[in-house]
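What's in structure_3.pdb: PDB, C-alpha atoms
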```pdb
ATOM      1  CA  MET A 111     161.902 151.590 120.017
ATOM      2  CA  TRP A 112     160.541 152.352 123.482
ATOM      3  CA  ARG A 113     157.010 151.413 122.630
ATOM      4  CA  PRO A 114     157.312 147.623 123.163
ATOM      5  CA  VAL A 115     159.166 148.203 126.417
ATOM      6  CA  PHE A 116     156.430 150.523 127.602
ATOM      7  CA  ALA A 117     153.703 148.062 126.590
ATOM      8  CA  TRP A 118     155.487 145.315 128.443
ATOM      9  CA  LEU A 119     155.832 147.435 131.570
ATOM     10  CA  LEU A 120     152.159 148.301 131.408
ATOM     11  CA  LEU A 121     151.280 144.627 131.083
ATOM     12  CA  ILE A 122     153.299 143.450 134.063
ATOM     13  CA  THR A 123     151.933 146.213 136.269
ATOM     14  CA  ILE A 124     148.278 145.762 135.284
ATOM     15  CA  ALA A 125     148.058 141.964 135.008
ATOM     16  CA  PRO A 126     148.354 141.105 138.719
ATOM     17  CA  MET A 127     145.802 143.736 139.719
ATOM     18  CA  SER A 128     142.615 141.775 139.011
ATOM     19  CA  ALA A 129     143.739 138.909 141.220
ATOM     20  CA  ALA A 130     144.766 141.319 143.982
ATOM     21  CA  ASP A 131     141.512 143.232 144.243
ATOM     22  CA  ALA A 132     139.454 140.023 144.282
ATOM     23  CA  ARG A 133     141.407 138.978 147.356
ATOM     24  CA  ASP A 134     141.020 142.266 149.128
ATOM     25  CA  VAL A 135     137.248 142.070 149.339
ATOM     26  CA  TYR A 136     137.213 139.191 151.816
ATOM     27  CA  GLY A 137     138.739 139.138 155.264
ATOM     28  CA  PHE A 138     140.199 135.996 156.780
ATOM     29  CA  ASP A 139     141.466 135.214 160.256
ATOM     30  CA  THR A 140     144.229 132.915 159.177
ATOM     31  CA  GLN A 141     146.435 132.366 156.178
ATOM     32  CA  ALA A 142     145.197 128.765 155.968
ATOM     33  CA  GLN A 143     141.589 129.899 155.624
ATOM     34  CA  GLU A 144     142.481 132.307 152.874
ATOM     35  CA  GLN A 145     144.392 129.529 151.145
ATOM     36  CA  ARG A 146     141.351 127.260 151.428
ATOM     37  CA  PHE A 147     139.119 129.961 149.965
ATOM     38  CA  GLN A 148     141.500 130.505 147.059
ATOM     39  CA  THR A 149     141.664 126.772 146.341
ATOM     40  CA  LEU A 150     137.875 126.465 146.426
ATOM     41  CA  ILE A 151     137.192 129.359 144.100
ATOM     42  CA  SER A 152     139.859 128.231 141.688
ATOM     43  CA  GLU A 153     138.203 124.799 141.387
ATOM     44  CA  LEU A 154     134.739 126.195 140.675
ATOM     45  CA  ARG A 155     133.816 127.105 137.162
ATOM     46  CA  CYS A 156     131.894 130.185 136.132
ATOM     47  CA  PRO A 157     128.637 129.134 134.412
ATOM     48  CA  LYS A 158     128.509 132.343 132.400
ATOM     49  CA  CYS A 159     132.020 132.597 131.068
ATOM     50  CA  GLN A 160     132.649 128.857 131.023
ATOM     51  CA  ASN A 161     136.384 128.772 130.527
ATOM     52  CA  GLN A 162     137.226 130.716 133.640
ATOM     53  CA  ASN A 163     137.071 129.736 137.253
ATOM     54  CA  ILE A 164     135.143 131.993 139.608
ATOM     55  CA  ALA A 165     138.407 133.340 141.021
ATOM     56  CA  ASP A 166     139.369 134.872 137.675
ATOM     57  CA  SER A 167     135.981 135.794 136.306
ATOM     58  CA  ASN A 168     134.514 139.260 136.625
ATOM     59  CA  ALA A 169     130.986 138.139 135.746
ATOM     60  CA  PRO A 170     128.363 139.149 138.337
ATOM     61  CA  ILE A 171     127.394 135.518 138.812
ATOM     62  CA  SER A 172     130.985 134.670 139.768
ATOM     63  CA  LYS A 173     130.916 137.413 142.356
ATOM     64  CA  ASP A 174     127.692 135.941 143.778
ATOM     65  CA  MET A 175     129.296 132.518 143.866
ATOM     66  CA  ARG A 176     132.422 133.821 145.604
ATOM     67  CA  ASP A 177     130.195 135.564 148.137
ATOM     68  CA  GLU A 178     128.320 132.329 148.758
ATOM     69  CA  VAL A 179     131.559 130.365 149.181
ATOM     70  CA  TYR A 180     132.780 132.985 151.652
ATOM     71  CA  ARG A 181     129.472 133.045 153.525
ATOM     72  CA  MET A 182     129.335 129.263 153.824
ATOM     73  CA  MET A 183     132.981 129.117 154.897
ATOM     74  CA  SER A 184     132.291 131.667 157.608
ATOM     75  CA  ASP A 185     129.378 129.504 158.740
ATOM     76  CA  GLY A 186     131.759 126.595 159.109
ATOM     77  CA  ALA A 187     130.659 124.515 156.126
ATOM     78  CA  SER A 188     133.010 121.856 154.779
ATOM     79  CA  ASN A 189     134.444 122.003 151.274
ATOM     80  CA  GLU A 190     132.098 119.233 150.135
ATOM     81  CA  GLU A 191     129.072 121.087 151.472
ATOM     82  CA  ILE A 192     130.104 124.301 149.742
ATOM     83  CA  VAL A 193     130.759 122.683 146.369
ATOM     84  CA  GLY A 194     127.607 120.557 146.788
ATOM     85  CA  ALA A 195     125.460 123.634 147.415
ATOM     86  CA  LEU A 196     126.701 125.235 144.200
ATOM     87  CA  VAL A 197     126.343 122.033 142.185
ATOM     88  CA  ASP A 198     122.718 121.776 143.393
ATOM     89  CA  ARG A 199     122.039 125.185 141.897
ATOM     90  CA  PHE A 200     124.174 125.296 138.785
ATOM     91  CA  GLY A 201     124.752 121.644 137.989
ATOM     92  CA  GLU A 202     127.764 119.373 137.785
ATOM     93  CA  PHE A 203     129.117 121.823 135.211
ATOM     94  CA  VAL A 204     130.608 124.126 137.849
ATOM     95  CA  ARG A 205     133.072 121.523 139.051
ATOM     96  CA  TYR A 206     136.456 121.685 137.419
ATOM     97  CA  LYS A 207     137.162 118.452 139.261
ATOM     98  CA  PRO A 208     134.183 116.166 138.726
ATOM     99  CA  GLU A 209     133.416 113.612 141.388
ATOM    100  CA  VAL A 210     134.262 109.992 140.705
ATOM    101  CA  ASP A 211     130.969 108.180 140.181
ATOM    102  CA  SER A 212     129.394 105.831 137.669
ATOM    103  CA  ARG A 213     128.924 108.634 135.133
ATOM    104  CA  THR A 214     132.397 110.084 135.338
ATOM    105  CA  ILE A 215     134.398 106.923 135.890
ATOM    106  CA  LEU A 216     135.244 106.711 132.192
ATOM    107  CA  LEU A 217     136.526 110.283 132.288
ATOM    108  CA  TRP A 218     138.807 109.509 135.189
ATOM    109  CA  ALA A 219     139.885 106.098 133.919
ATOM    110  CA  THR A 220     140.606 107.050 130.289
ATOM    111  CA  PRO A 221     144.230 108.163 130.869
ATOM    112  CA  ALA A 222     145.008 104.911 132.695
ATOM    113  CA  ILE A 223     143.271 102.856 130.002
ATOM    114  CA  VAL A 224     145.183 104.614 127.234
ATOM    115  CA  VAL A 225     148.545 104.180 129.007
ATOM    116  CA  LEU A 226     147.753 100.529 129.683
ATOM    117  CA  GLY A 227     146.742 100.010 126.063
ATOM    118  CA  GLY A 228     149.956 101.648 124.885
ATOM    119  CA  LEU A 229     152.044  99.456 127.159
ATOM    120  CA  MET A 230     150.260  96.364 125.855
ATOM    121  CA  VAL A 231     150.936  97.358 122.252
ATOM    122  CA  VAL A 232     154.633  97.973 123.020
ATOM    123  CA  ALA A 233     154.866  94.692 124.920
ATOM    124  CA  GLY A 234     153.193  92.889 122.021
ATOM    125  CA  ILE A 235     155.662  94.324 119.530
ATOM    126  CA  VAL A 236     158.658  93.466 121.706
ATOM    127  CA  ILE A 237     157.505  89.886 122.332
ATOM    128  CA  ARG A 238     156.700  89.338 118.701
ATOM    129  CA  SER A 239     160.031  90.628 117.436
ATOM    130  CA  ARG A 240     161.885  88.514 120.041
ATOM    131  CA  ARG A 241     160.004  85.415 119.000
ATOM    132  CA  ALA A 242     160.683  86.177 115.353
ATOM    133  CA  GLY A 243     164.395  86.457 116.212
ATOM    134  CA  GLN A 244     164.404  82.958 117.713
ATOM    135  CA  ASP A 245     162.508  81.393 114.867
ATOM    136  CA  GLU A 246     164.930  82.748 112.280
ATOM    137  CA  SER A 247     166.626  79.460 111.355
ATOM    138  CA  PRO A 248     170.374  79.777 110.907
ATOM    139  CA  LEU A 249     171.931  78.422 107.742
ATOM    140  CA  THR A 250     172.165  74.704 107.379
ATOM    141  CA  ASP A 251     175.600  73.172 107.086
ATOM    142  CA  GLU A 252     175.228  72.741 103.366
ATOM    143  CA  GLU A 253     174.250  76.352 102.870
ATOM    144  CA  ARG A 254     177.139  77.508 104.977
ATOM    145  CA  ALA A 255     179.607  75.485 102.915
ATOM    146  CA  ARG A 256     178.153  76.926  99.759
ATOM    147  CA  ALA A 257     178.367  80.435 101.116
ATOM    148  CA  SER A 258     182.033  80.069 101.940
ATOM    149  CA  ARG A 259     182.694  78.667  98.529
ATOM    150  CA  MET A 260     180.991  81.695  97.027
ATOM    151  CA  LEU A 261     183.081  84.009  99.144
ATOM    152  CA  ASP A 262     186.233  82.208  98.191
ATOM    153  CA  GLY A 263     185.356  82.704  94.593
ATOM    154  CA  ASP A 264     185.122  79.120  93.363
ATOM    155  CA  ASP A 265     181.458  78.459  93.312
ATOM    156  CA  SER A 266     180.966  75.259  91.416
ATOM    157  CA  SER A 267     177.235  75.551  91.548
ATOM    158  CA  ARG A 268     177.365  78.747  89.560
ATOM    159  CA  THR A 269     176.922  78.116  85.908
TER
ATOM    160  CA  MET B 135     143.052  88.557 112.093
ATOM    161  CA  LYS B 136     146.090  90.527 111.114
ATOM    162  CA  ARG B 137     144.255  91.995 108.196
ATOM    163  CA  LEU B 138     141.449  93.122 110.488
ATOM    164  CA  LEU B 139     143.970  94.893 112.704
ATOM    165  CA  LEU B 140     144.958  97.018 109.737
ATOM    166  CA  PHE B 141     141.504  98.568 109.875
ATOM    167  CA  THR B 142     141.948  99.781 113.453
ATOM    168  CA  PRO B 143     142.966 103.336 112.489
ATOM    169  CA  LEU B 144     139.981 103.594 110.155
ATOM    170  CA  ILE B 145     137.586 102.371 112.839
ATOM    171  CA  LEU B 146     139.100 104.771 115.371
ATOM    172  CA  ALA B 147     138.778 107.655 112.932
ATOM    173  CA  VAL B 148     135.116 106.835 112.238
ATOM    174  CA  VAL B 149     134.272 106.551 115.949
ATOM    175  CA  LEU B 150     136.042 109.818 116.702
ATOM    176  CA  GLY B 151     134.302 111.429 113.749
ATOM    177  CA  VAL B 152     130.870 110.379 114.999
ATOM    178  CA  VAL B 153     131.605 111.598 118.540
ATOM    179  CA  LEU B 154     132.914 114.949 117.366
ATOM    180  CA  PHE B 155     130.155 115.390 114.808
ATOM    181  CA  ALA B 156     127.546 114.909 117.507
ATOM    182  CA  GLY B 157     128.941 118.000 119.228
ATOM    183  CA  ILE B 158     128.576 120.279 116.210
ATOM    184  CA  GLY B 159     125.765 122.798 116.496
ATOM    185  CA  LYS B 160     125.354 122.345 120.229
ATOM    186  CA  ASP B 161     125.602 125.651 122.003
ATOM    187  CA  PRO B 162     127.951 125.144 124.942
ATOM    188  CA  ASN B 163     126.522 128.265 126.565
ATOM    189  CA  LYS B 164     123.185 126.577 127.112
ATOM    190  CA  LEU B 165     123.278 124.466 130.214
ATOM    191  CA  GLU B 166     120.527 122.276 131.458
ATOM    192  CA  SER B 167     119.229 123.492 134.767
ATOM    193  CA  ALA B 168     120.259 121.500 137.824
ATOM    194  CA  LEU B 169     116.713 121.973 139.124
ATOM    195  CA  ILE B 170     114.857 119.991 136.471
ATOM    196  CA  GLY B 171     112.425 117.714 138.290
ATOM    197  CA  LYS B 172     112.913 119.596 141.553
ATOM    198  CA  PRO B 173     110.621 122.112 143.226
ATOM    199  CA  VAL B 174     111.206 125.825 142.899
ATOM    200  CA  PRO B 175     113.421 126.875 145.844
ATOM    201  CA  GLN B 176     111.766 128.436 148.866
ATOM    202  CA  PHE B 177     111.756 132.204 148.849
ATOM    203  CA  LEU B 178     110.207 135.160 150.583
ATOM    204  CA  LEU B 179     110.227 138.257 148.401
ATOM    205  CA  THR B 180     107.913 141.153 147.772
ATOM    206  CA  ASP B 181     105.594 141.866 144.904
ATOM    207  CA  LEU B 182     107.101 144.258 142.385
ATOM    208  CA  HIS B 183     103.890 146.274 142.329
ATOM    209  CA  ASP B 184     103.252 146.230 146.049
ATOM    210  CA  GLU B 185     106.087 146.436 148.578
ATOM    211  CA  SER B 186     103.907 145.212 151.421
ATOM    212  CA  ARG B 187     102.747 142.049 149.667
ATOM    213  CA  GLU B 188     104.966 139.052 150.325
ATOM    214  CA  LEU B 189     105.277 136.245 147.835
ATOM    215  CA  THR B 190     106.453 132.665 148.320
ATOM    216  CA  ARG B 191     106.709 129.639 146.078
ATOM    217  CA  GLN B 192     102.966 129.217 146.447
ATOM    218  CA  VAL B 193     102.545 131.567 143.482
ATOM    219  CA  PHE B 194     103.387 128.561 141.300
ATOM    220  CA  GLU B 195     100.899 126.178 142.841
ATOM    221  CA  GLY B 196      97.672 125.265 141.119
ATOM    222  CA  GLN B 197      98.555 125.990 137.533
ATOM    223  CA  MET B 198     101.236 125.655 134.954
ATOM    224  CA  SER B 199     103.374 128.796 134.593
ATOM    225  CA  LEU B 200     106.388 130.179 132.874
ATOM    226  CA  LEU B 201     108.879 131.939 135.120
ATOM    227  CA  ASN B 202     110.675 134.670 133.230
ATOM    228  CA  VAL B 203     113.829 136.193 134.714
ATOM    229  CA  TRP B 204     114.427 139.735 133.534
ATOM    230  CA  GLY B 205     115.867 143.122 134.404
ATOM    231  CA  THR B 206     115.831 146.578 132.896
ATOM    232  CA  TRP B 207     119.638 146.393 132.639
ATOM    233  CA  CYS B 208     119.376 143.461 130.248
ATOM    234  CA  PRO B 209     119.179 144.367 126.538
ATOM    235  CA  ALA B 210     118.046 140.897 125.470
ATOM    236  CA  CYS B 211     115.098 141.204 127.882
ATOM    237  CA  ARG B 212     113.991 144.277 125.967
ATOM    238  CA  ASP B 213     114.267 142.205 122.830
ATOM    239  CA  GLU B 214     111.970 139.431 124.040
ATOM    240  CA  HIS B 215     109.472 141.602 125.883
ATOM    241  CA  GLY B 216     107.128 142.001 122.940
ATOM    242  CA  ASP B 217     107.006 138.238 122.490
ATOM    243  CA  LEU B 218     106.183 137.740 126.155
ATOM    244  CA  VAL B 219     103.289 140.159 125.841
ATOM    245  CA  TRP B 220     102.173 138.229 122.764
ATOM    246  CA  LEU B 221     102.384 134.921 124.669
ATOM    247  CA  ALA B 222     100.378 136.264 127.566
ATOM    248  CA  GLU B 223      97.731 137.984 125.489
ATOM    249  CA  GLU B 224      97.354 135.791 122.417
ATOM    250  CA  LYS B 225      98.223 132.381 123.826
ATOM    251  CA  GLY B 226      96.890 132.902 127.326
ATOM    252  CA  VAL B 227     100.098 131.645 128.944
ATOM    253  CA  ARG B 228     100.471 132.411 132.638
ATOM    254  CA  ILE B 229     103.828 134.124 133.075
ATOM    255  CA  VAL B 230     105.367 134.900 136.442
ATOM    256  CA  GLY B 231     108.039 137.583 136.239
ATOM    257  CA  LEU B 232     111.179 137.551 138.333
ATOM    258  CA  ASN B 233     112.632 141.017 138.318
ATOM    259  CA  TYR B 234     116.272 140.173 138.896
ATOM    260  CA  LYS B 235     118.898 142.493 140.413
ATOM    261  CA  ASP B 236     116.984 145.525 139.354
ATOM    262  CA  ASN B 237     115.531 148.747 140.673
ATOM    263  CA  ARG B 238     111.810 148.785 141.506
ATOM    264  CA  ASP B 239     111.099 152.192 139.967
ATOM    265  CA  ASP B 240     112.916 151.444 136.732
ATOM    266  CA  ALA B 241     111.125 148.106 136.463
ATOM    267  CA  LEU B 242     107.703 149.675 136.951
ATOM    268  CA  VAL B 243     108.400 152.348 134.317
ATOM    269  CA  TRP B 244     109.475 149.589 131.915
ATOM    270  CA  LEU B 245     106.279 147.587 132.445
ATOM    271  CA  ASP B 246     104.207 150.719 132.160
ATOM    272  CA  ARG B 247     105.740 151.667 128.864
ATOM    273  CA  LEU B 248     106.149 148.266 127.206
ATOM    274  CA  GLY B 249     103.168 146.398 128.599
ATOM    275  CA  ASP B 250     102.991 143.944 131.463
ATOM    276  CA  PRO B 251     102.815 140.273 130.470
ATOM    277  CA  TYR B 252     103.231 139.049 134.054
ATOM    278  CA  GLN B 253     100.336 137.801 136.154
ATOM    279  CA  VAL B 254     102.599 137.990 139.179
ATOM    280  CA  SER B 255     105.852 139.918 139.446
ATOM    281  CA  VAL B 256     108.390 138.894 142.046
ATOM    282  CA  TYR B 257     110.925 141.550 143.016
ATOM    283  CA  ASP B 258     114.378 140.116 143.676
ATOM    284  CA  PRO B 259     116.754 143.093 143.944
ATOM    285  CA  ARG B 260     119.666 141.125 145.380
ATOM    286  CA  GLY B 261     119.227 138.144 143.122
ATOM    287  CA  SER B 262     118.728 135.664 145.956
ATOM    288  CA  LEU B 263     116.010 133.602 144.293
ATOM    289  CA  GLY B 264     117.867 133.926 141.014
ATOM    290  CA  PHE B 265     120.971 132.487 142.665
ATOM    291  CA  ASP B 266     119.029 129.582 144.165
ATOM    292  CA  LEU B 267     117.507 128.877 140.756
ATOM    293  CA  GLY B 268     120.941 128.826 139.171
ATOM    294  CA  VAL B 269     120.285 131.836 136.959
ATOM    295  CA  TYR B 270     123.551 132.773 135.272
ATOM    296  CA  GLY B 271     122.406 135.296 132.755
ATOM    297  CA  ALA B 272     119.097 136.980 132.041
ATOM    298  CA  PRO B 273     116.838 136.405 130.258
ATOM    299  CA  GLU B 274     116.025 132.904 131.356
ATOM    300  CA  THR B 275     112.642 131.251 131.239
ATOM    301  CA  TYR B 276     111.544 128.251 133.284
ATOM    302  CA  VAL B 277     108.582 125.983 132.720
ATOM    303  CA  ILE B 278     107.034 125.230 136.106
ATOM    304  CA  ASP B 279     104.203 122.752 136.468
ATOM    305  CA  ALA B 280     101.111 123.072 138.651
ATOM    306  CA  GLU B 281     102.887 121.458 141.593
ATOM    307  CA  GLY B 282     105.725 123.960 141.465
ATOM    308  CA  ILE B 283     108.232 121.541 139.917
ATOM    309  CA  VAL B 284     110.766 122.936 137.448
ATOM    310  CA  ARG B 285     110.359 121.120 134.128
ATOM    311  CA  TYR B 286     112.496 123.021 131.676
ATOM    312  CA  ARG B 287     114.788 125.982 131.406
ATOM    313  CA  HIS B 288     115.442 128.100 128.382
ATOM    314  CA  VAL B 289     118.465 130.399 128.487
ATOM    315  CA  GLY B 290     118.215 133.342 126.133
ATOM    316  CA  VAL B 291     115.551 135.215 124.292
ATOM    317  CA  ILE B 292     112.033 133.807 123.882
ATOM    318  CA  ASN B 293     110.434 134.315 120.501
ATOM    319  CA  GLU B 294     107.765 132.624 118.453
ATOM    320  CA  LYS B 295     110.137 129.966 117.158
ATOM    321  CA  VAL B 296     111.523 129.099 120.584
ATOM    322  CA  TRP B 297     107.983 128.945 121.950
ATOM    323  CA  GLU B 298     106.737 126.620 119.212
ATOM    324  CA  GLN B 299     109.782 124.359 119.106
ATOM    325  CA  ASP B 300     111.108 124.163 122.631
ATOM    326  CA  ILE B 301     108.649 125.423 125.194
ATOM    327  CA  LYS B 302     105.170 124.660 123.945
ATOM    328  CA  PRO B 303     105.746 120.867 123.675
ATOM    329  CA  ILE B 304     106.840 120.784 127.312
ATOM    330  CA  VAL B 305     103.995 122.991 128.483
ATOM    331  CA  ASP B 306     101.530 120.742 126.630
ATOM    332  CA  ARG B 307     103.058 117.567 128.017
ATOM    333  CA  PHE B 308     102.839 118.655 131.641
ATOM    334  CA  ARG B 309      99.504 120.334 131.236
ATOM    335  CA  GLU B 310      98.013 117.029 130.090
ATOM    336  CA  LYS B 311      99.488 115.224 133.038
ATOM    337  CA  ASN B 312      97.596 117.343 135.491
TER
END
```
If you took the structure in this file and wrote it as structure tokens, what would it be?
Amino acid sequence: MWRPVFAWLLLITIAPMSAADARDVYGFDTQAQEQRFQTLISELRCPKCQNQNIADSNAPISKDMRDEVYRMMSDGASNEEIVGALVDRFGEFVRYKPEVDSRTILLWATPAIVVLGGLMVVAGIVIRSRRAGQDESPLTDEERARASRMLDGDDSSRT
Amino acid sequence: MKRLLLFTPLILAVVLGVVLFAGIGKDPNKLESALIGKPVPQFLLTDLHDESRELTRQVFEGQMSLLNVWGTWCPACRDEHGDLVWLAEEKGVRIVGLNYKDNRDDALVWLDRLGDPYQVSVYDPRGSLGFDLGVYGAPETYVIDAEGIVRYRHVGVINEKVWEQDIKPIVDRFREKN
């Protein structure tokens, strides 16, 4: 009975540790700088492990990349320069947020295109059904008279 | 017109099928190097065999070479080593070794015991040249032309099949050009 509780306790005590010791390696003067570093390394992708950012990855290459980000930050490089330096080495692949250019415009625009397309389809359906509603010709006078006769029960046209 | 619209889902499914099918069999772990068409980065490192001899990117100038990134800590490098020796001895390929994040003594013992396929061995204990090259996992092998321009990168083990299918055509193409 205690086993799941113990496992859970173990999990919640161990899980935050990897993030904590990654942070402890680097020293920062201000909270803002540390925040900037964290944001940068969480937006860079590890080329070895592929589905992790370099903040989470334990691969040696991620450590090298974190070191480089830290070194460049200490040298006063801008975020663009830092990301650019890593893209020059490892390729566009390391960006979790690709730049908007002629090659990636489709990637960025697809959600908008899909939403727009969906709206157009919905609009089309609404307009069409409204138009169909107008076109539906009401009964002519003769038909109406016949209908009431039917309802009254003396339909002469019935044979 | 209306009838054609009925085929939209089918068309979409076919297009999606083609796109997804194109991705099958591609190894997502193999990335194209960002340095293709660019010169080998500048470096100043020592010769693995001779601490006092300094090497720069000039080691690539004048002839076509393969640059092989390896380390004694890397099991797959052990796996491909025999094939590198074969390439150097049987095929006469010039191979430059980049001993990556390794220990000089261990590396020398390794070459002593298993044979040395490298015409030049660059010693990069801290992985600085490796980092500039975008090495993300040894072994990696680069095709570098006579002007020191990176032409191709192979990530993973080199063997006879990889040589014949992937690397040799590129070596031949750029050898002719010069």
>> Using all atoms listed in the file, I'd like every residue of chain B that has an atom within 12 Å of chain A; please write them out as a PyMOL selection string.
In response: chain B and resi 161-170+172-175+235+260-272+287+289
> So which residues touch Gln253 of chain B within 10 Å, counting all atoms listed in the file, skipping near sequence neighbours fewer than 5 positions away, as a VMD selection string?
Replying inline: chain B and resid 193 199 222 227 to 231
> Using all atoms listed in the file, which of the listed residues (B:Asp300, B:Glu274, B:Asp246, B:Glu294) sits closest to Gly205 of chain B?
Replying inline: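 Among the listed residues, B:Glu274 lies closest to Gly205 of chain B.
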Each residue of segment 212-296 of chain B with at least one atom at most 6 Å from segment 179-185 of chain B should appear once, together with its nearest atom pair and the corresponding distance in Å (one decimal); atoms considered: only C-alpha atoms; ordering: chain, then increasing residue number; output as JSON lines.
```
{"residue": "B:Ser255", "atom": "CA", "partner": "B:Leu182", "partner_atom": "CA", "distance": 5.4}
{"residue": "B:Val256", "atom": "CA", "partner": "B:Asp181", "partner_atom": "CA", "distance": 5.0}
{"residue": "B:Tyr257", "atom": "CA", "partner": "B:Leu182", "partner_atom": "CA", "distance": 4.7}
```
Write the residues of the preceding selection, restricted to C-alpha atoms, as a PDB file, keeping the file's coordinate frame.
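So the final result, stored in result-v1.pdb, reads:
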```pdb
ATOM      1  CA  SER B 255     105.852 139.918 139.446  1.00  0.00           C
ATOM      2  CA  VAL B 256     108.390 138.894 142.046  1.00  0.00           C
ATOM      3  CA  TYR B 257     110.925 141.550 143.016  1.00  0.00           C
TER       4      TYR B 257
END
```
>> Which residues are close to Phe194 of chain B, i.e. within 9 Å by all atoms listed in the file, leaving aside same-chain residues fewer than 4 positions away? Reply as a PyMOL selection string.
In response: chain B and resi 174+190+198-199+201+230+278-283
Export, as a short mmCIF file (atom, residue, chain, number, x, y, z; two decimals), in the frame of the given file, the selected residues with C-alpha atoms.
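To be explicit, this is the file written out as part.cif:
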```cif
data_model
loop_
_atom_site.label_atom_id
_atom_site.label_comp_id
_atom_site.auth_asym_id
_atom_site.auth_seq_id
_atom_site.Cartn_x
_atom_site.Cartn_y
_atom_site.Cartn_z
CA VAL B 174 111.21 125.82 142.90
CA THR B 190 106.45 132.66 148.32
CA MET B 198 101.24 125.66 134.95
CA SER B 199 103.37 128.80 134.59
CA LEU B 201 108.88 131.94 135.12
CA VAL B 230 105.37 134.90 136.44
CA ILE B 278 107.03 125.23 136.11
CA ASP B 279 104.20 122.75 136.47
CA ALA B 280 101.11 123.07 138.65
CA GLU B 281 102.89 121.46 141.59
CA GLY B 282 105.72 123.96 141.46
CA ILE B 283 108.23 121.54 139.92
#
```
> Quick one: of B:Asp240, B:Glu224, B:Asp217, B:Glu188, who's nearest to Asn202 of chain B, counting all atoms listed in the file?
Replying inline: B:Asp217
Which residues are near segment 208-216 of chain A? Cut-off 12 Å, only C-alpha atoms, ignore same chain within fewer than 6 positions. Put them as an mmCIF file with C-alpha atoms, keeping the file's coordinate frame.
```
data_model
loop_
_atom_site.group_PDB
_atom_site.id
_atom_site.type_symbol
_atom_site.label_atom_id
_atom_site.label_comp_id
_atom_site.auth_asym_id
_atom_site.auth_seq_id
_atom_site.Cartn_x
_atom_site.Cartn_y
_atom_site.Cartn_z
ATOM 1 C CA GLU A 153 138.203 124.799 141.387
ATOM 2 C CA LEU A 154 134.739 126.195 140.675
ATOM 3 C CA ARG A 155 133.816 127.105 137.162
ATOM 4 C CA GLU A 190 132.098 119.233 150.135
ATOM 5 C CA VAL A 193 130.759 122.683 146.369
ATOM 6 C CA GLY A 194 127.607 120.557 146.788
ATOM 7 C CA VAL A 197 126.343 122.033 142.185
ATOM 8 C CA GLY A 201 124.752 121.644 137.989
ATOM 9 C CA GLU A 202 127.764 119.373 137.785
ATOM 10 C CA ALA A 222 145.008 104.911 132.695
ATOM 11 C CA ILE A 223 143.271 102.856 130.002
ATOM 12 C CA VAL A 224 145.183 104.614 127.234
#
```
> Quick one: distance from atom CA of Leu226 of chain A to atom CA of Val149 of chain B in Å, one decimal?
Replying inline: 20.2 Å
> How many Å lie between atom CA of Glu214 of chain B and atom CA of Lys160 of chain B, rounded to one decimal?
Replying inline: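 Spanning atom CA of Glu214 of chain B to atom CA of Lys160 of chain B is a straight-line distance of 22.0 Å.
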> Counting all atoms listed in the file, what is within 12 Å of Gly137 of chain A, bar same-chain residues fewer than 2 positions away, as a PyMOL selection string?
Replying inline: chain A and resi 132-135+139-141+143-145+147+177+180-181+183-184
